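Visitor: This is the content of query08.pdb (PDB, C-alpha atoms):
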ATOM      1  CA  MET J   1     -18.095 227.022  74.348
ATOM      2  CA  ASN J   2     -15.072 229.274  74.745
ATOM      3  CA  GLN J   3     -13.033 230.725  77.581
ATOM      4  CA  GLU J   4     -15.179 233.842  77.696
ATOM      5  CA  ASN J   5     -18.493 232.112  78.220
ATOM      6  CA  VAL J   6     -16.965 229.699  80.741
ATOM      7  CA  LEU J   7     -15.740 232.736  82.687
ATOM      8  CA  ALA J   8     -19.196 234.303  82.394
ATOM      9  CA  ALA J   9     -20.738 231.126  83.853
ATOM     10  CA  VAL J  10     -18.230 231.121  86.725
ATOM     11  CA  LEU J  11     -19.033 234.772  87.470
ATOM     12  CA  GLU J  12     -22.757 233.941  87.424
ATOM     13  CA  ALA J  13     -22.077 231.236  90.010
ATOM     14  CA  VAL J  14     -20.142 233.770  92.123
ATOM     15  CA  THR J  15     -23.138 236.131  91.903
ATOM     16  CA  GLU J  16     -25.468 233.370  93.092
ATOM     17  CA  PHE J  17     -23.023 232.484  95.823
ATOM     18  CA  ASN J  18     -22.925 236.113  96.979
ATOM     19  CA  GLU J  19     -26.712 236.104  97.361
ATOM     20  CA  GLN J  20     -26.269 233.695 100.281
ATOM     21  CA  LEU J  21     -23.782 235.951 102.078
ATOM     22  CA  ASP J  22     -23.907 239.089 104.166
ATOM     23  CA  ALA J  23     -22.254 242.254 102.823
ATOM     24  CA  ASP J  24     -18.951 241.693 104.650
ATOM     25  CA  HIS J  25     -18.390 238.269 103.133
ATOM     26  CA  LYS J  26     -19.475 238.869  99.543
ATOM     27  CA  LEU J  27     -16.821 238.161  96.885
ATOM     28  CA  GLU J  28     -15.856 240.889  94.485
ATOM     29  CA  LEU J  29     -17.090 240.081  90.982
ATOM     30  CA  ASP J  30     -13.649 240.206  89.431
ATOM     31  CA  THR J  31     -11.361 237.700  87.723
ATOM     32  CA  GLU J  32      -8.575 238.473  90.202
ATOM     33  CA  THR J  33     -10.716 237.809  93.285
ATOM     34  CA  ARG J  34      -8.827 235.419  95.526
ATOM     35  CA  LEU J  35     -10.573 232.203  96.535
ATOM     36  CA  LEU J  36      -7.739 230.655  98.547
ATOM     37  CA  GLY J  37      -5.173 231.970 100.986
ATOM     38  CA  ARG J  38      -5.026 234.758 103.528
ATOM     39  CA  SER J  39      -6.443 237.416 101.229
ATOM     40  CA  SER J  40      -9.515 235.298 100.454
ATOM     41  CA  LYS J  41     -12.823 235.933 102.189
ATOM     42  CA  LEU J  42     -13.710 232.255 101.827
ATOM     43  CA  ASP J  43     -13.314 229.578 104.460
ATOM     44  CA  SER J  44     -13.123 225.921 103.420
ATOM     45  CA  PHE J  45     -16.901 225.565 103.764
ATOM     46  CA  GLY J  46     -17.421 228.560 101.473
ATOM     47  CA  LEU J  47     -14.986 227.236  98.884
ATOM     48  CA  VAL J  48     -16.756 223.848  98.763
ATOM     49  CA  ASN J  49     -20.039 225.659  98.400
ATOM     50  CA  LEU J  50     -18.766 227.847  95.566
ATOM     51  CA  ILE J  51     -17.233 224.904  93.690
ATOM     52  CA  ILE J  52     -20.553 223.029  93.861
ATOM     53  CA  LEU J  53     -22.356 226.068  92.460
ATOM     54  CA  VAL J  54     -19.799 226.481  89.651
ATOM     55  CA  GLU J  55     -20.099 222.790  88.681
ATOM     56  CA  GLU J  56     -23.883 223.107  88.556
ATOM     57  CA  LYS J  57     -23.741 226.300  86.523
ATOM     58  CA  LEU J  58     -21.371 224.723  83.989
ATOM     59  CA  ASN J  59     -23.615 221.685  83.777
ATOM     60  CA  ASP J  60     -26.641 223.900  83.098
ATOM     61  CA  LYS J  61     -24.852 226.040  80.509
ATOM     62  CA  PHE J  62     -22.865 223.429  78.632
ATOM     63  CA  ASP J  63     -24.720 220.213  79.487
ATOM     64  CA  ARG J  64     -21.516 218.590  80.672
ATOM     65  CA  SER J  65     -20.773 217.192  84.071
ATOM     66  CA  ILE J  66     -17.297 217.873  85.434
ATOM     67  CA  THR J  67     -15.643 217.455  88.809
ATOM     68  CA  LEU J  68     -13.484 220.470  89.547
ATOM     69  CA  ALA J  69     -11.974 218.983  92.691
ATOM     70  CA  ASP J  70     -10.360 216.077  90.865
ATOM     71  CA  GLU J  71      -7.009 214.440  91.523
ATOM     72  CA  ARG J  72      -5.234 216.631  89.007
ATOM     73  CA  ALA J  73      -6.507 219.796  90.700
ATOM     74  CA  MET J  74      -5.318 218.528  94.064
ATOM     75  CA  SER J  75      -1.834 217.646  92.814
ATOM     76  CA  GLN J  76      -1.025 220.895  90.998
ATOM     77  CA  GLU J  77       1.712 223.105  92.363
ATOM     78  CA  HIS J  78      -0.524 226.156  91.929
ATOM     79  CA  SER J  79      -4.067 225.347  92.944
ATOM     80  CA  PRO J  80      -6.646 226.042  90.246
ATOM     81  CA  PHE J  81      -8.874 227.349  93.032
ATOM     82  CA  ARG J  82      -6.646 230.313  93.905
ATOM     83  CA  SER J  83      -8.685 232.903  91.981
ATOM     84  CA  VAL J  84     -11.806 233.316  89.876
ATOM     85  CA  GLN J  85      -9.635 233.426  86.734
ATOM     86  CA  SER J  86      -7.666 230.269  87.567
ATOM     87  CA  LEU J  87     -10.875 228.447  88.480
ATOM     88  CA  SER J  88     -12.414 229.463  85.186
ATOM     89  CA  ASP J  89      -9.296 228.424  83.247
ATOM     90  CA  TYR J  90      -9.300 225.025  84.923
ATOM     91  CA  ALA J  91     -13.016 224.565  84.253
ATOM     92  CA  TYR J  92     -12.409 225.400  80.586
ATOM     93  CA  THR J  93      -9.594 222.828  80.412
ATOM     94  CA  LEU J  94     -11.830 220.114  81.885
ATOM     95  CA  LEU J  95     -14.788 221.012  79.670
ATOM     96  CA  SER J  96     -12.562 220.939  76.587
ATOM     97  CA  GLU J  97     -11.400 217.434  77.448
ATOM     98  CA  ASN J  98     -14.849 216.157  78.394
TER
ATOM     99  CA  MET B   1     -42.939 215.399 105.154
ATOM    100  CA  PRO B   2     -45.271 215.425 102.139
ATOM    101  CA  ASP B   3     -43.730 216.725  98.886
ATOM    102  CA  SER B   4     -40.234 216.228 100.182
ATOM    103  CA  VAL B   5     -37.862 214.290  97.966
ATOM    104  CA  MET B   6     -36.141 211.081  99.028
ATOM    105  CA  LEU B   7     -33.587 208.962  97.197
ATOM    106  CA  ILE B   8     -33.384 205.271  98.112
ATOM    107  CA  THR B   9     -30.605 203.074  96.750
ATOM    108  CA  GLY B  10     -31.228 199.373  96.248
ATOM    109  CA  ALA B  11     -34.932 200.106  95.933
ATOM    110  CA  ARG B  12     -35.924 197.220  93.665
ATOM    111  CA  LYS B  13     -36.392 194.576  96.343
ATOM    112  CA  GLY B  14     -36.057 193.750 100.030
ATOM    113  CA  ILE B  15     -35.912 196.607 102.532
ATOM    114  CA  GLY B  16     -35.365 199.198  99.820
ATOM    115  CA  ARG B  17     -38.610 198.184  98.137
ATOM    116  CA  VAL B  18     -40.529 198.333 101.426
ATOM    117  CA  LEU B  19     -39.082 201.788 102.104
ATOM    118  CA  ALA B  20     -40.047 203.001  98.615
ATOM    119  CA  GLU B  21     -43.614 201.745  99.118
ATOM    120  CA  THR B  22     -43.868 203.209 102.617
ATOM    121  CA  TYR B  23     -42.574 206.696 101.876
ATOM    122  CA  THR B  24     -44.441 207.128  98.572
ATOM    123  CA  GLU B  25     -47.660 206.256 100.445
ATOM    124  CA  ARG B  26     -46.791 208.893 103.022
ATOM    125  CA  GLY B  27     -46.543 211.556 100.309
ATOM    126  CA  TRP B  28     -42.805 211.696  99.755
ATOM    127  CA  ARG B  29     -41.620 211.973  96.168
ATOM    128  CA  VAL B  30     -39.333 208.959  96.042
ATOM    129  CA  ILE B  31     -36.565 208.248  93.580
ATOM    130  CA  GLY B  32     -35.249 204.722  93.691
ATOM    131  CA  CYS B  33     -32.304 203.114  91.976
ATOM    132  CA  SER B  34     -30.931 199.628  91.515
ATOM    133  CA  ARG B  35     -28.921 197.633  89.024
ATOM    134  CA  GLN B  36     -32.062 196.129  87.508
ATOM    135  CA  THR B  37     -35.449 197.534  86.544
ATOM    136  CA  SER B  38     -38.166 197.763  89.158
ATOM    137  CA  ASP B  39     -41.783 196.705  88.759
ATOM    138  CA  PHE B  40     -42.899 199.123  91.482
ATOM    139  CA  SER B  41     -45.185 201.782  90.117
ATOM    140  CA  HIS B  42     -46.624 204.773  91.960
ATOM    141  CA  ALA B  43     -47.452 208.355  91.020
ATOM    142  CA  ASN B  44     -44.786 209.561  93.468
ATOM    143  CA  TYR B  45     -42.117 207.102  92.338
ATOM    144  CA  ARG B  46     -39.388 207.155  89.719
ATOM    145  CA  HIS B  47     -36.725 204.521  89.197
ATOM    146  CA  PHE B  48     -33.204 204.707  87.767
ATOM    147  CA  VAL B  49     -31.256 201.655  86.664
ATOM    148  CA  LEU B  50     -27.598 202.063  87.586
ATOM    149  CA  ASP B  51     -24.667 200.735  89.538
ATOM    150  CA  ILE B  52     -24.100 203.001  92.556
ATOM    151  CA  SER B  53     -20.334 202.706  92.184
ATOM    152  CA  ASP B  54     -20.488 204.176  88.662
ATOM    153  CA  GLN B  55     -19.755 207.873  89.132
ATOM    154  CA  ASP B  56     -20.958 208.973  85.693
ATOM    155  CA  ALA B  57     -24.282 207.143  86.077
ATOM    156  CA  VAL B  58     -24.822 208.505  89.588
ATOM    157  CA  ARG B  59     -24.037 212.051  88.461
ATOM    158  CA  LYS B  60     -26.504 211.758  85.576
ATOM    159  CA  MET B  61     -29.212 210.628  87.990
ATOM    160  CA  MET B  62     -28.445 213.510  90.364
ATOM    161  CA  THR B  63     -28.512 216.024  87.518
ATOM    162  CA  SER B  64     -31.916 214.676  86.539
ATOM    163  CA  ILE B  65     -33.154 214.993  90.139
ATOM    164  CA  ARG B  66     -31.806 218.541  90.333
ATOM    165  CA  LYS B  67     -33.512 219.547  87.104
ATOM    166  CA  ASP B  68     -36.839 217.813  87.818
ATOM    167  CA  GLU B  69     -37.165 218.248  91.573
ATOM    168  CA  SER B  70     -34.771 221.114  92.367
ATOM    169  CA  ARG B  71     -34.146 219.565  95.756
ATOM    170  CA  LEU B  72     -33.240 216.466  97.719
ATOM    171  CA  ASP B  73     -34.272 216.136 101.343
ATOM    172  CA  ALA B  74     -33.280 212.607 102.274
ATOM    173  CA  LEU B  75     -30.885 209.946 101.062
ATOM    174  CA  ILE B  76     -31.337 206.378 102.267
ATOM    175  CA  ASN B  77     -28.157 204.489 101.385
ATOM    176  CA  ASN B  78     -29.735 201.056 101.557
ATOM    177  CA  ALA B  79     -27.983 199.273  98.680
ATOM    178  CA  GLY B  80     -25.510 196.676  99.811
ATOM    179  CA  ILE B  81     -24.147 193.272  98.968
ATOM    180  CA  ALA B  82     -22.804 190.527 101.199
ATOM    181  CA  SER B  83     -20.725 187.421 100.875
ATOM    182  CA  MET B  84     -20.202 184.865 103.577
ATOM    183  CA  ASN B  85     -16.937 183.072 103.376
ATOM    184  CA  ALA B  86     -13.799 182.530 105.403
ATOM    185  CA  ALA B  87     -11.328 185.337 104.733
ATOM    186  CA  MET B  88      -8.766 182.886 103.386
ATOM    187  CA  LEU B  89     -11.318 181.566 100.891
ATOM    188  CA  THR B  90     -12.656 184.947  99.767
ATOM    189  CA  PRO B  91     -11.674 185.736  96.166
ATOM    190  CA  ILE B  92     -10.154 189.194  95.822
ATOM    191  CA  ASP B  93     -12.792 190.061  93.202
ATOM    192  CA  THR B  94     -15.523 189.372  95.766
ATOM    193  CA  MET B  95     -13.802 191.686  98.227
ATOM    194  CA  ARG B  96     -13.487 194.333  95.529
ATOM    195  CA  ARG B  97     -17.186 194.099  94.586
ATOM    196  CA  ILE B  98     -18.254 194.421  98.220
ATOM    197  CA  ILE B  99     -16.025 197.438  98.831
ATOM    198  CA  GLU B 100     -17.155 199.066  95.587
ATOM    199  CA  THR B 101     -20.855 198.739  96.321
ATOM    200  CA  ASN B 102     -20.949 199.129 100.093
ATOM    201  CA  VAL B 103     -18.201 201.711 100.626
ATOM    202  CA  LEU B 104     -17.512 203.468  97.354
ATOM    203  CA  GLY B 105     -21.219 203.505  96.431
ATOM    204  CA  THR B 106     -22.228 204.918  99.805
ATOM    205  CA  PHE B 107     -19.465 207.526  99.633
ATOM    206  CA  LEU B 108     -20.374 208.582  96.118
ATOM    207  CA  LEU B 109     -24.079 208.917  96.903
ATOM    208  CA  CYS B 110     -23.308 210.974 100.022
ATOM    209  CA  GLN B 111     -21.049 213.243  97.992
ATOM    210  CA  GLU B 112     -23.533 213.759  95.181
ATOM    211  CA  ALA B 113     -26.549 214.128  97.486
ATOM    212  CA  THR B 114     -24.724 216.836  99.432
ATOM    213  CA  ARG B 115     -24.475 218.959  96.292
ATOM    214  CA  LEU B 116     -28.272 219.068  96.157
ATOM    215  CA  MET B 117     -29.008 219.191  99.869
ATOM    216  CA  GLN B 118     -26.649 222.061 100.648
ATOM    217  CA  LYS B 119     -28.779 224.411  98.524
ATOM    218  CA  ASN B 120     -31.552 224.324 101.098
ATOM    219  CA  ARG B 121     -29.169 223.998 104.027
ATOM    220  CA  TRP B 122     -31.146 220.909 104.992
ATOM    221  CA  GLY B 123     -30.713 217.211 104.451
ATOM    222  CA  ARG B 124     -30.909 213.816 106.062
ATOM    223  CA  ILE B 125     -28.553 211.010 105.106
ATOM    224  CA  VAL B 126     -29.167 207.557 106.530
ATOM    225  CA  ASN B 127     -26.542 204.920 105.851
ATOM    226  CA  PHE B 128     -26.800 201.199 106.447
ATOM    227  CA  THR B 129     -24.334 199.300 108.587
ATOM    228  CA  SER B 130     -24.851 195.900 110.204
ATOM    229  CA  VAL B 131     -24.555 194.129 113.529
ATOM    230  CA  ALA B 132     -21.875 192.082 111.773
ATOM    231  CA  VAL B 133     -19.528 194.950 112.788
ATOM    232  CA  PRO B 134     -19.905 194.800 116.599
ATOM    233  CA  PHE B 135     -20.401 191.011 116.505
ATOM    234  CA  GLN B 136     -17.116 190.655 114.544
ATOM    235  CA  LEU B 137     -18.575 187.649 112.814
ATOM    236  CA  GLN B 138     -16.236 184.999 111.515
ATOM    237  CA  GLY B 139     -16.924 184.353 107.851
ATOM    238  CA  GLU B 140     -17.997 187.944 107.246
ATOM    239  CA  ALA B 141     -14.629 189.691 107.028
ATOM    240  CA  ALA B 142     -15.419 191.306 103.681
ATOM    241  CA  TYR B 143     -18.962 192.397 104.538
ATOM    242  CA  ALA B 144     -18.282 193.476 108.130
ATOM    243  CA  SER B 145     -15.167 195.442 107.229
ATOM    244  CA  SER B 146     -17.063 197.248 104.459
ATOM    245  CA  LYS B 147     -19.770 198.169 106.970
ATOM    246  CA  ALA B 148     -17.157 199.303 109.505
ATOM    247  CA  ALA B 149     -15.944 201.680 106.801
ATOM    248  CA  VAL B 150     -19.524 202.931 106.366
ATOM    249  CA  GLU B 151     -19.664 203.674 110.099
ATOM    250  CA  SER B 152     -16.441 205.710 109.936
ATOM    251  CA  LEU B 153     -17.711 207.494 106.879
ATOM    252  CA  THR B 154     -20.947 208.307 108.678
ATOM    253  CA  ARG B 155     -19.187 209.817 111.683
ATOM    254  CA  ILE B 156     -16.733 211.871 109.644
ATOM    255  CA  LEU B 157     -19.315 213.120 107.156
ATOM    256  CA  ALA B 158     -21.528 214.109 110.089
ATOM    257  CA  ARG B 159     -18.805 216.566 111.091
ATOM    258  CA  GLU B 160     -17.979 217.745 107.586
ATOM    259  CA  LEU B 161     -21.600 218.287 106.530
ATOM    260  CA  ALA B 162     -22.992 219.763 109.742
ATOM    261  CA  ASP B 163     -22.491 223.330 108.501
ATOM    262  CA  PHE B 164     -24.575 222.477 105.446
ATOM    263  CA  GLY B 165     -27.488 221.570 107.736
ATOM    264  CA  ILE B 166     -27.144 217.921 106.778
ATOM    265  CA  THR B 167     -27.253 215.151 109.352
ATOM    266  CA  VAL B 168     -25.586 211.793 108.655
ATOM    267  CA  ASN B 169     -26.516 208.746 110.702
ATOM    268  CA  ALA B 170     -26.539 204.987 110.293
ATOM    269  CA  ILE B 171     -28.783 202.069 111.148
ATOM    270  CA  GLY B 172     -27.454 198.613 111.894
ATOM    271  CA  PRO B 173     -30.222 196.086 111.443
ATOM    272  CA  THR B 174     -30.031 192.632 112.963
ATOM    273  CA  PRO B 175     -30.850 189.618 110.757
ATOM    274  CA  ILE B 176     -33.923 190.306 108.640
ATOM    275  CA  GLN B 177     -35.525 188.088 106.024
ATOM    276  CA  THR B 178     -33.910 189.372 102.809
ATOM    277  CA  ASP B 179     -31.680 187.974 100.077
ATOM    278  CA  LEU B 180     -28.615 188.899 102.121
ATOM    279  CA  LEU B 181     -29.525 186.113 104.544
ATOM    280  CA  ARG B 182     -29.911 183.546 101.806
ATOM    281  CA  GLY B 183     -27.413 180.785 102.334
ATOM    282  CA  ILE B 184     -26.909 181.403 106.036
ATOM    283  CA  PRO B 185     -27.874 178.216 107.941
ATOM    284  CA  PRO B 186     -30.899 178.547 110.312
ATOM    285  CA  GLU B 187     -28.703 177.412 113.195
ATOM    286  CA  LYS B 188     -26.332 180.328 112.568
ATOM    287  CA  ILE B 189     -29.273 182.779 112.499
ATOM    288  CA  LYS B 190     -30.498 181.355 115.802
ATOM    289  CA  GLN B 191     -27.073 181.914 117.329
ATOM    290  CA  LEU B 192     -27.054 185.518 116.121
ATOM    291  CA  LEU B 193     -30.506 186.198 117.550
ATOM    292  CA  GLY B 194     -29.232 184.769 120.838
ATOM    293  CA  ARG B 195     -26.564 187.489 120.988
ATOM    294  CA  GLN B 196     -29.159 190.276 120.713
ATOM    295  CA  SER B 197     -30.879 191.774 123.764
ATOM    296  CA  ILE B 198     -34.208 191.175 122.061
ATOM    297  CA  HIS B 199     -34.152 187.712 120.526
ATOM    298  CA  ARG B 200     -36.279 188.090 117.431
ATOM    299  CA  MET B 201     -35.742 188.710 113.735
ATOM    300  CA  CYS B 202     -35.691 192.314 112.638
ATOM    301  CA  GLU B 203     -38.757 193.447 110.713
ATOM    302  CA  PRO B 204     -39.114 196.271 108.179
ATOM    303  CA  ARG B 205     -41.132 198.318 110.684
ATOM    304  CA  ASP B 206     -38.097 198.364 113.016
ATOM    305  CA  ILE B 207     -35.951 199.916 110.299
ATOM    306  CA  ILE B 208     -38.678 202.364 109.243
ATOM    307  CA  ASN B 209     -39.048 203.484 112.850
ATOM    308  CA  ALA B 210     -35.329 204.261 113.151
ATOM    309  CA  ILE B 211     -35.308 206.060 109.792
ATOM    310  CA  ASP B 212     -38.355 208.088 110.844
ATOM    311  CA  PHE B 213     -36.456 209.193 113.928
ATOM    312  CA  PHE B 214     -33.488 210.406 111.863
ATOM    313  CA  LEU B 215     -35.759 212.130 109.321
ATOM    314  CA  ARG B 216     -37.758 214.148 111.828
ATOM    315  CA  PRO B 217     -37.105 217.918 111.674
ATOM    316  CA  GLU B 218     -36.636 217.750 115.466
ATOM    317  CA  SER B 219     -33.676 215.390 114.931
ATOM    318  CA  ASP B 220     -31.486 218.228 113.648
ATOM    319  CA  PHE B 221     -29.223 217.784 116.691
ATOM    320  CA  ILE B 222     -28.727 214.069 116.026
ATOM    321  CA  THR B 223     -25.805 213.300 113.722
ATOM    322  CA  GLY B 224     -22.890 210.891 113.457
ATOM    323  CA  GLN B 225     -24.846 208.249 115.332
ATOM    324  CA  VAL B 226     -25.038 204.537 114.659
ATOM    325  CA  ILE B 227     -28.150 202.810 115.968
ATOM    326  CA  TYR B 228     -28.004 199.042 116.155
ATOM    327  CA  LEU B 229     -31.395 197.421 116.402
ATOM    328  CA  GLY B 230     -32.377 194.609 118.733
ATOM    329  CA  GLY B 231     -30.360 195.939 121.643
ATOM    330  CA  VAL B 232     -26.985 195.158 120.099
ATOM    331  CA  SER B 233     -24.148 197.382 121.258
TER
END
Take the structure from the file and write it as structure tokens.

Guide:
Amino acid sequence: MNQENVLAAVLEAVTEFNEQLDADHKLELDTETRLLGRSSKLDSFGLVNLIILVEEKLNDKFDRSITLADERAMSQEHSPFRSVQSLSDYAYTLLSEN
Amino acid sequence: MPDSVMLITGARKGIGRVLAETYTERGWRVIGCSRQTSDFSHANYRHFVLDISDQDAVRKMMTSIRKDESRLDALINNAGIASMNAAMLTPIDTMRRIIETNVLGTFLLCQEATRLMQKNRWGRIVNFTSVAVPFQLQGEAAYASSKAAVESLTRILARELADFGITVNAIGPTPIQTDLLRGIPPEKIKQLLGRQSIHRMCEPRDIINAIDFFLRPESDFITGQVIYLGGVS
């Protein structure tokens, strides 16, 4: 497991997530894609949905169960859910500790 | 709903066991769990031994369900423990155990089940409360307050999970012959039955009937509801 294949798994989850959406709401498959804030296409329901998919994908790929929305994530000054890259970085941190 | 998948907590004995037997016979694929092993065996049944307040154990079970079944259609949060004692004589560890099983366990199972249910945009969660809540029974502060929390949880989750196509409701049985009633004097049971509109003990068929109502596809507009049996309100 390394940062690259964690990012690849996150992007796979984004691809799966996009399959559920109409063209206007699909997320761009890019590390800088915003997941939170005004420039994000996601509402809170969509973000929950995406996080569930990412957790499942990481579990399938690395056989490890992590909770992305943990207390540490919630208490950080900069949310790890702000972009695809930050989400992937946070997932890598948790997987490395697990 | 043949071939649908149901998870029942506290499935080793009592109501949970009856529910496991009933729904496997009806063609559901049933997964049960409890803290001890079960002697129930059926082609449609699989049992996990775990404590429902143990997040790691619950997540492992859910991962196994996801990999083997790829879906979860219904969660019956039946597991619960009780303790009858005056509040001033209730050890804090007893209170903690009751909250952990009845509240934290119910919350955790709802959370984990939602991960699976949201994939199909369909799910039915049925929680268990008790008439001890509206009756405000003396001697049941720990149990009744834990079940009051389950009712709040049910109503709030109903709102939060509606967009996932998941309904969340609760059943509040009246006294029924299970281990939870062990130790309650017959005179006390008689008094409780006297406070119901229909003065008889609850039977498993009464609970199954209410669950069936919540499970029906046509009940997709019914969520956040608490149904007390026996005409209690």

Visitor: Please evaluate the ChimeraX specification (/J :<10) & /B against the displayed coordinates and give the resulting residues as a list of chain:residue names.

Guide: B:Asp56, B:Arg59, B:Lys60, B:Thr63, B:Arg66, B:Lys67, B:Glu112, B:Thr114, B:Arg115, B:Leu116, B:Gln118, B:Lys119, B:Glu160, B:Leu161, B:Asp163, B:Phe164

Visitor: Going by the chain IDs and residue numbers used in this file, which residues fall under the PyMOL selection byres ((chain B and resi 154-158) around 9)? Write them as a PDB file with C-alpha atoms, in the frame of the given file.

Guide:
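Okay, expr-v1.pdb is ready:
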ATOM      1  CA  CYS B 110     -23.308 210.974 100.022  1.00  0.00           C
ATOM      2  CA  ILE B 125     -28.553 211.010 105.106  1.00  0.00           C
ATOM      3  CA  VAL B 126     -29.167 207.557 106.530  1.00  0.00           C
ATOM      4  CA  ASN B 127     -26.542 204.920 105.851  1.00  0.00           C
ATOM      5  CA  ALA B 149     -15.944 201.680 106.801  1.00  0.00           C
ATOM      6  CA  VAL B 150     -19.524 202.931 106.366  1.00  0.00           C
ATOM      7  CA  GLU B 151     -19.664 203.674 110.099  1.00  0.00           C
ATOM      8  CA  SER B 152     -16.441 205.710 109.936  1.00  0.00           C
ATOM      9  CA  LEU B 153     -17.711 207.494 106.879  1.00  0.00           C
ATOM     10  CA  ARG B 159     -18.805 216.566 111.091  1.00  0.00           C
ATOM     11  CA  GLU B 160     -17.979 217.745 107.586  1.00  0.00           C
ATOM     12  CA  LEU B 161     -21.600 218.287 106.530  1.00  0.00           C
ATOM     13  CA  ALA B 162     -22.992 219.763 109.742  1.00  0.00           C
ATOM     14  CA  ILE B 166     -27.144 217.921 106.778  1.00  0.00           C
ATOM     15  CA  THR B 167     -27.253 215.151 109.352  1.00  0.00           C
ATOM     16  CA  VAL B 168     -25.586 211.793 108.655  1.00  0.00           C
ATOM     17  CA  ASN B 169     -26.516 208.746 110.702  1.00  0.00           C
ATOM     18  CA  ALA B 170     -26.539 204.987 110.293  1.00  0.00           C
ATOM     19  CA  THR B 223     -25.805 213.300 113.722  1.00  0.00           C
ATOM     20  CA  GLY B 224     -22.890 210.891 113.457  1.00  0.00           C
ATOM     21  CA  GLN B 225     -24.846 208.249 115.332  1.00  0.00           C
ATOM     22  CA  VAL B 226     -25.038 204.537 114.659  1.00  0.00           C
TER      23      VAL B 226
END

Visitor: When you look at Gln138 (chain B) with a cut-off of 10 Å (counting all atoms listed in the file), what residues show up, excluding the ones that are within fewer than 5 positions of it in the same chain? I need them as a VMD selection string.

Guide: chain B and resid 84 to 87 132 144

Visitor: So, with all atoms listed in the file as the atoms that count, which of J:Thr93, J:Glu77, J:Gln3, J:Arg82 lies closest to Arg38 (chain J)?

Guide: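 Using all atoms listed in the file, the shortest distance to Arg38 (chain J) belongs to J:Arg82.
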
Visitor: Quick one: apply the PyMOL selection byres ((chain J and resi 14) around 8) to the file and drop the selected residues here as a list in words.

Guide: Val10, Leu11, Glu12, Ala13, Thr15, Glu16, Phe17, Asn18, Leu27, Leu29, Leu50 and Val54 of chain J

Visitor: For the point (-7.0, 231.3, 85.5) in file coordinates, what residues are within 10 Å, counting only C-alpha atoms? Give the answer as an MDAnalysis selection string?

Guide: chainID J and resid 3 7 31:32 79:92

Visitor: For Thr174 (chain B), which of B:Leu104, B:Ser219, B:Gly194, B:Gly230 is the closest residue, counting all atoms listed in the file?

Guide: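 When distances to Thr174 (chain B) are compared using all atoms listed in the file, the smallest one comes from B:Gly230.
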
Visitor: Please report the interatomic distance between CA of Leu89 (chain B) and CA of Leu108 (chain B) in Å with one decimal.

Guide: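 Taking CA of Leu89 (chain B) and CA of Leu108 (chain B), their separation equals 28.9 Å.
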
Visitor: Rounded to one decimal, what separation in Å do you get between CA of Glu19 (chain J) and CA of Leu35 (chain J)?

Guide: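 These atoms are spaced 16.6 Å apart.
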
Visitor: May I have the protein, DNA and RNA residues with an atom at most 9 Å from (-36.4, 209.9, 96.6), counting all atoms listed in the file in the file's coordinates, returned as a PDB file with C-alpha atoms, in the frame of the given file?

Guide:
ATOM      1  CA  SER B   4     -40.234 216.228 100.182  1.00  0.00           C
ATOM      2  CA  VAL B   5     -37.862 214.290  97.966  1.00  0.00           C
ATOM      3  CA  MET B   6     -36.141 211.081  99.028  1.00  0.00           C
ATOM      4  CA  LEU B   7     -33.587 208.962  97.197  1.00  0.00           C
ATOM      5  CA  ILE B   8     -33.384 205.271  98.112  1.00  0.00           C
ATOM      6  CA  THR B   9     -30.605 203.074  96.750  1.00  0.00           C
ATOM      7  CA  ALA B  20     -40.047 203.001  98.615  1.00  0.00           C
ATOM      8  CA  TYR B  23     -42.574 206.696 101.876  1.00  0.00           C
ATOM      9  CA  THR B  24     -44.441 207.128  98.572  1.00  0.00           C
ATOM     10  CA  TRP B  28     -42.805 211.696  99.755  1.00  0.00           C
ATOM     11  CA  ARG B  29     -41.620 211.973  96.168  1.00  0.00           C
ATOM     12  CA  VAL B  30     -39.333 208.959  96.042  1.00  0.00           C
ATOM     13  CA  ILE B  31     -36.565 208.248  93.580  1.00  0.00           C
ATOM     14  CA  GLY B  32     -35.249 204.722  93.691  1.00  0.00           C
ATOM     15  CA  ASN B  44     -44.786 209.561  93.468  1.00  0.00           C
ATOM     16  CA  TYR B  45     -42.117 207.102  92.338  1.00  0.00           C
ATOM     17  CA  ARG B  46     -39.388 207.155  89.719  1.00  0.00           C
ATOM     18  CA  ILE B  65     -33.154 214.993  90.139  1.00  0.00           C
ATOM     19  CA  LEU B  72     -33.240 216.466  97.719  1.00  0.00           C
ATOM     20  CA  ASP B  73     -34.272 216.136 101.343  1.00  0.00           C
ATOM     21  CA  ALA B  74     -33.280 212.607 102.274  1.00  0.00           C
ATOM     22  CA  LEU B  75     -30.885 209.946 101.062  1.00  0.00           C
ATOM     23  CA  ILE B  76     -31.337 206.378 102.267  1.00  0.00           C
TER      24      ILE B  76
END

Visitor: Write out as lines of an AutoDock Vina configuration file an axis-aligned box for region 33-50 of chain J: all of its atoms listed in the file, 6 Å added on each side, centre and edge lengths in Å with one decimal.

Guide:
center_x = -12.5
center_y = 230.8
center_z = 98.9
size_x = 27.0
size_y = 26.0
size_z = 23.2

Visitor: CA of Trp122 (chain B) to CA of Asp51 (chain B): how many Å, to one decimal?

Guide: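 It comes out at 26.2 Å.
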
Visitor: May I ask which of the residues B:His47, B:Thr178, B:Ser38, B:Glu140 is the closest one to Met88 (chain B), counting all atoms listed in the file?

Guide: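 Looking at the shortest contact to Met88 (chain B), the residue is B:Glu140.
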
Visitor: I need the residue nearest Val49 (chain B) from this list: B:Ile171, B:Met61, B:Asn120, B:Val131. Use all atoms listed in the file for the distance.

Guide: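 So, comparing all the options, the nearest one is B:Met61.
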